[in-house]
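Beneath this line is the structure, given in structure tokens, with notes to follow.
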Amino acid sequence: MASLKVPATVPSPSEDAEQLRKAFEGWGTNEGLIISILGHRSAAQRRAIRQAYRQSYNEELLKALDGEISGDFERAVLLWTLDPAERDAWLANEAVRKWRPENRVLIEIACARSSGELFAVRQAYHARFKRSLEEDVAAHTTGDFRKLLVPLVSAYRYEGEEINLTLAKSEARMLHEKISDKAYNHEELIRILTTRSKAQLIKTFNHYNDEFGKPVNKDLKSDPKDDFLAALRATIRCICCPERYFEKVIRLAINGLGTDENALTRVITIRAEVDLKVIAEVYQKRNSMPLERAIKGDTSGDYEAMLLALLGLEA
Amino acid sequence: MALPLVTEECEAVIRAFSGLGGLGVDEKALVSALGKWRRQPEKRAQLRKSFVGFFTADGSFERCEDDYIRYLKNEFARFKNIMVLWAMHPWERDARWVHHVLHKPLPLDIIVEIACTRSSEELLGARKAYHALFHHSLEEDVAYHVRENYSNLLVRLVSAYRYEGNRINKEMATSEAEALYSAIKTPGVKKLVENEEVIRILTTRSKPHLRVTFKHYKEKYGKSIEEHLGDELCLRETVQCLDSPPKYFSKVINKALKDGADKNTKDALTRVIVSRADVDMKEIKEAYHQQYGAELEDVISKNTLGSYRDALLSLAGQ
């Protein structure tokens with residue numbers, strides 16, 4: 001369930017655009033006003049506001065914001081205001097340019113989206129970066145990671161519920177065989193993970209657990225330091241249980257010393273309109289603390305206020 | 001045994017049945033023969049004696065060869081096939097062609113053709129249609145059913161969503177031409193068709209970019225990349241389809257019209273004309289003329305029969 005709260009009646013996009021303009025005028029910026037408007041509008045409404053702003057003031061709203069706010073708050077507002085597909089394209093491009101083996105963003109985008117949504121990201125990527133997503137991923141990654149990531153971002157998985165039990169059994173066995181041989185980059189393993197439908201894969205993993213007594217991710221933990229294994233595990237988790245996957249990302253971002261603001265911002269902005277409410281519930285169950293309290297404890301100021309707004313809470 | 005004298009009349013009917021080569025069936029000529037030879041069973045008997053390959057002597061009568069009956073079924077169906085394909089949505093056509101070659105022992109060049117000559121949106125459409133028709137994704141079936149060393153190349157080709165704008169990075173095109181040359185000239189452990197860099201470049205770069213890359217390749221190394229690819233058939237076809245679909249298609253058509261072409265090669269004529277009639281038929285005709293010195297419409301006219309011929313000419317015409 002989405003966590004975003006939109007008021008029952010909403011001003012017209014040009015009224016919102018005018019209010020936002022007022023928030024920048026003169027000295028200083030009225031961050032609270034920015035949050036109270038943008039933090040409570042759906043993707044369609046935000047798009048309309050951007051268009052109205054462009055028409056009224058001959059300037060891009062996001063460019064104007066860029067000049068007025070900064071830091072983690074700016075990143076959160078910027079990412080939030082973009083369309084979901086544009087946002088993912090932006091994050092994907094950042095991940096590709098700053099590619100590191102521990103980076104999971106591409107896997108999240110490829111696997112925790114529907115086939116249609118992933119294709120929308122590829123279209124947005126063309127429009128914004130004048131190259132294809134897969135071309136950039138292929139050019140900036142190497143070896144096993146390229147072998148996994150290029151097919152992942154190029155997939156257009158069948159979205160139906162039909163599954164083939166015989167195939168699930170045989171592919172579970174194939175996975176087990178390759179994993180036991182430590183042939184983690186084997187093309188059969190990659191083929192199964194990157195082309196089968198999600199319904200088929202979930203059945204396959206269930207069968208894996210039934211037949212071999214351990215969930216497939218447990219068997220992929222043989223070397224905790226191996227980034228490729230972590231990438232495979234992330235792939236499987238994003239396909240099977242995205243809420244639990246994202247809860248973990250948030251948990252690692254805020255628990256312990258310091259905060260990974262980029263990760264926190266990413267999860268909150270991309271899931272606020274999808275299932276952030278569920279993720280927050282999972283968080284609470286696992287950490288015996290409401291997510292809002294953890295965020296309040298780890299962040300401050302306008303950045304905190306923005307995150308809480310997206311969580312559906314009044315600041 | 002002296003060969004039976006084949007009268008002109010018989011030869012005409014034999015030809016109409018798609019004997020003596022030719023694609024399709026001359027329906028009009030056959031209907032006219034029905035009328036002309038009424039109450040003249042001896043004419044039909046003579047036909048049976050003269051039609052070598054279709055009828056063979058078997059004791060006291062001439063029986064049909066089973067192979068020829070099958071062959072004839074195909075030839076009669078050529079017109080029906082072209083009409084059905086013409087009416088179908090292009091996405092469904094492409095999806096069905098891919099599915100067909102994956103599930104029968106047939107050459108897979110159709111997959112390269114579709115992946116590389118369709119626009120990015122058309123390829124996406126074919127993938128959508130594949131979901132709807134076959135309850136699998138196109139790439140999943142290609143990955144599962146193709147087990148040869150070019151499997152990965154094919155999966156990457158059908159999964160591409162190439163950028164379609166004209167923006168090109170000249171330095172990148174240059175360096176990738178060099179990378180391709182290096183991959184071709186340096187024998188590795190794996191076959192060239194499995195080379196990661198070759199696959200990356202050919203399956204992810206935009207078509208305008210690749211055309212510049214191929215052009216630079218020829219300028220720098222004196223030969224086109226196709227020539228250097230030698231007998232790497234899959235890679236050659238990929239390059240041809242990406243570089244110039246009209247040239248590629250005119251080659252396919254030429255093969256289909258040659259004597260002794262097998263069923264698949266012949267079926268390609270229908271496939272090309274139907275799928276390209278609304279796209280680049282004009283360019284294909286120009287390419288055909290350039291390569292073979294003949295007008296495509298003349299060649300089609302000479303080598304095909306009946307309603308099938310009429311349909312082809314309608315589609316290939318202005």
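Starting from 1 in every chain, residues are counted up; chains themselves are A, B, ... following the order of the structure tokens, and ligands are numbered from 1 as listed.
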
Proximal residues of chain A relative to chain B (only C-alpha atoms; 10 Å) as an NGL selection string: :A and (116 or 119 or 122-123 or 125-127 or 129-139 or 142-143 or 146-147 or 150-163 or 187-188 or 191-192 or 194-197)

I need the residues of range 113-262 of chain B that end up classed as alpha helix (DSSP H) by DSSP on the backbone, written out as a PyMOL selection string. chain B and resi 113-117+120-134+138-145+151-159+170-185+196-204+207-221+225-229+233-243+245-256

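The two atoms in question, CA of Gly293 in chain B and CA of Lys247 in chain B, are spaced 13.4 Å apart.
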
Do you know which residues are at most 6 Å from range 7-23 of chain A counting only C-alpha atoms, after dropping those on the same chain fewer than 4 positions away, and could you put them as a VMD selection string? chain A and resid 29 to 30 48 to 49 52 to 53

Pick from A:Leu65, A:Leu82, A:Val216, A:Leu310 nearest to Lys5 in chain A, counting only C-alpha atoms: A:Leu310

Quick one: everything within 7 Å of range 17-26 of chain B, counting only C-alpha atoms, minus sequence neighbours fewer than 4 positions away in the same chain. Send it as an mmCIF file with C-alpha atoms, in the first residue's frame.
data_model
loop_
_atom_site.group_PDB
_atom_site.id
_atom_site.type_symbol
_atom_site.label_atom_id
_atom_site.label_comp_id
_atom_site.auth_asym_id
_atom_site.auth_seq_id
_atom_site.Cartn_x
_atom_site.Cartn_y
_atom_site.Cartn_z
ATOM 1 C CA VAL B 13 -0.924 -27.359 -67.251
ATOM 2 C CA LEU B 30 -5.989 -24.732 -64.179
ATOM 3 C CA GLU B 75 2.136 -24.166 -53.507
ATOM 4 C CA PHE B 76 -1.650 -23.943 -53.418
ATOM 5 C CA ARG B 78 1.064 -19.807 -50.927
ATOM 6 C CA PHE B 79 -1.695 -17.381 -51.828
ATOM 7 C CA ASN B 303 9.125 -16.825 -61.350
ATOM 8 C CA THR B 304 5.764 -16.935 -59.655
ATOM 9 C CA LEU B 305 2.290 -17.971 -60.677
ATOM 10 C CA GLY B 306 -1.367 -17.173 -60.314
ATOM 11 C CA SER B 307 -2.999 -15.277 -57.504
ATOM 12 C CA TYR B 308 0.156 -15.580 -55.485
#

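Put simply, CA of Glu94 in chain A is 22.4 Å away from CA of Arg237 in chain A.
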
For Gly71 in chain A, please output as a ChimeraX atom specification all residues within 12 Å (counting only C-alpha atoms; exclusion window: fewer than 6 positions along the same chain). /A:65,77-78,261-262,265,301-303

A straight line from CA of Lys198 in chain A to CA of Pro105 in chain B spans 29.1 Å

Enumerate, as a PyMOL selection string, the complete set of residues in range 52-160 of chain B that a backbone-based DSSP assignment places in strand (DSSP E). chain B and resi 55-58+61-64

Produce a file of the selected residues containing all heavy atoms, as a compact mmCIF listing (two decimals), in the first residue's frame.
# COMPACT_ATOMS: atom_id res chain seq x y z
N PHE B 55 3.71 -37.70 -61.01
CA PHE B 55 3.09 -39.01 -61.20
C PHE B 55 4.15 -40.02 -61.58
O PHE B 55 5.06 -39.72 -62.34
CB PHE B 55 2.06 -38.96 -62.34
CG PHE B 55 0.90 -38.03 -62.06
CD1 PHE B 55 0.91 -36.74 -62.57
CD2 PHE B 55 -0.19 -38.46 -61.33
CE1 PHE B 55 -0.16 -35.89 -62.33
CE2 PHE B 55 -1.26 -37.61 -61.09
CZ PHE B 55 -1.25 -36.31 -61.59
N THR B 56 4.03 -41.21 -61.01
CA THR B 56 4.95 -42.28 -61.46
C THR B 56 4.13 -43.51 -61.83
O THR B 56 3.08 -43.76 -61.23
CB THR B 56 5.95 -42.70 -60.38
OG1 THR B 56 5.23 -42.98 -59.19
CG2 THR B 56 6.97 -41.62 -60.12
N ALA B 57 4.67 -44.26 -62.76
CA ALA B 57 3.98 -45.48 -63.18
C ALA B 57 4.02 -46.47 -62.03
O ALA B 57 5.03 -46.66 -61.37
CB ALA B 57 4.69 -46.06 -64.40
N ASP B 58 2.87 -47.06 -61.76
CA ASP B 58 2.79 -48.05 -60.70
C ASP B 58 1.88 -49.17 -61.22
O ASP B 58 0.67 -49.14 -61.04
CB ASP B 58 2.19 -47.41 -59.44
CG ASP B 58 2.26 -48.36 -58.25
OD1 ASP B 58 2.38 -49.60 -58.45
OD2 ASP B 58 2.19 -47.87 -57.10
N PHE B 61 -1.31 -48.16 -63.59
CA PHE B 61 -1.77 -46.77 -63.62
C PHE B 61 -0.66 -45.85 -63.13
O PHE B 61 0.36 -46.30 -62.62
CB PHE B 61 -3.06 -46.59 -62.80
CG PHE B 61 -2.82 -46.61 -61.30
CD1 PHE B 61 -3.00 -45.48 -60.53
CD2 PHE B 61 -2.43 -47.80 -60.66
CE1 PHE B 61 -2.79 -45.50 -59.16
CE2 PHE B 61 -2.22 -47.81 -59.28
CZ PHE B 61 -2.41 -46.67 -58.53
N GLU B 62 -0.85 -44.55 -63.28
CA GLU B 62 0.14 -43.59 -62.77
C GLU B 62 -0.38 -43.03 -61.46
O GLU B 62 -1.47 -42.48 -61.39
CB GLU B 62 0.34 -42.41 -63.74
CG GLU B 62 0.88 -42.80 -65.10
CD GLU B 62 -0.24 -43.21 -66.04
OE1 GLU B 62 -1.42 -42.84 -65.75
OE2 GLU B 62 0.03 -43.88 -67.03
N ARG B 63 0.44 -43.21 -60.42
CA ARG B 63 0.00 -42.71 -59.12
C ARG B 63 0.77 -41.45 -58.74
O ARG B 63 1.85 -41.18 -59.25
CB ARG B 63 0.16 -43.78 -58.06
CG ARG B 63 1.55 -44.37 -58.05
CD ARG B 63 1.81 -45.08 -56.77
NE ARG B 63 1.94 -44.09 -55.70
CZ ARG B 63 2.45 -44.33 -54.52
NH1 ARG B 63 2.89 -45.54 -54.26
NH2 ARG B 63 2.52 -43.41 -53.61
N CYS B 64 0.15 -40.71 -57.81
CA CYS B 64 0.78 -39.47 -57.34
C CYS B 64 1.91 -39.79 -56.38
O CYS B 64 1.81 -40.69 -55.54
CB CYS B 64 -0.24 -38.62 -56.57
SG CYS B 64 -1.50 -37.90 -57.62

Looking at A:Lys169, A:Arg46, A:His186, A:Arg244, which one is nearest to Ile34 in chain A, with distances taken over only C-alpha atoms?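 Closest residue, counting only C-alpha atoms: A:Arg46.
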
Top pick for closest residue to Val31 in chain B, considering B:Ala16, B:Leu242, B:Ile273, B:Ala77 and counting only C-alpha atoms: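 Of the candidates, the smallest distance to Val31 in chain B is held by B:Ala16.
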
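Shortest separation to Ala277 in chain B among B:Ile82, B:Ala173, B:Leu192, B:Ala115 occurs at residue B:Ile82, atoms counted being only C-alpha atoms.
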
If we count only C-alpha atoms, what is near Ala294 in chain A at a cut-off of 12 Å, once residues fewer than 5 positions away on the same chain are taken out, given as a PyMOL selection string? chain A and resi 250-256+259+264+280+283-284+287-289+299-300+304+307-308
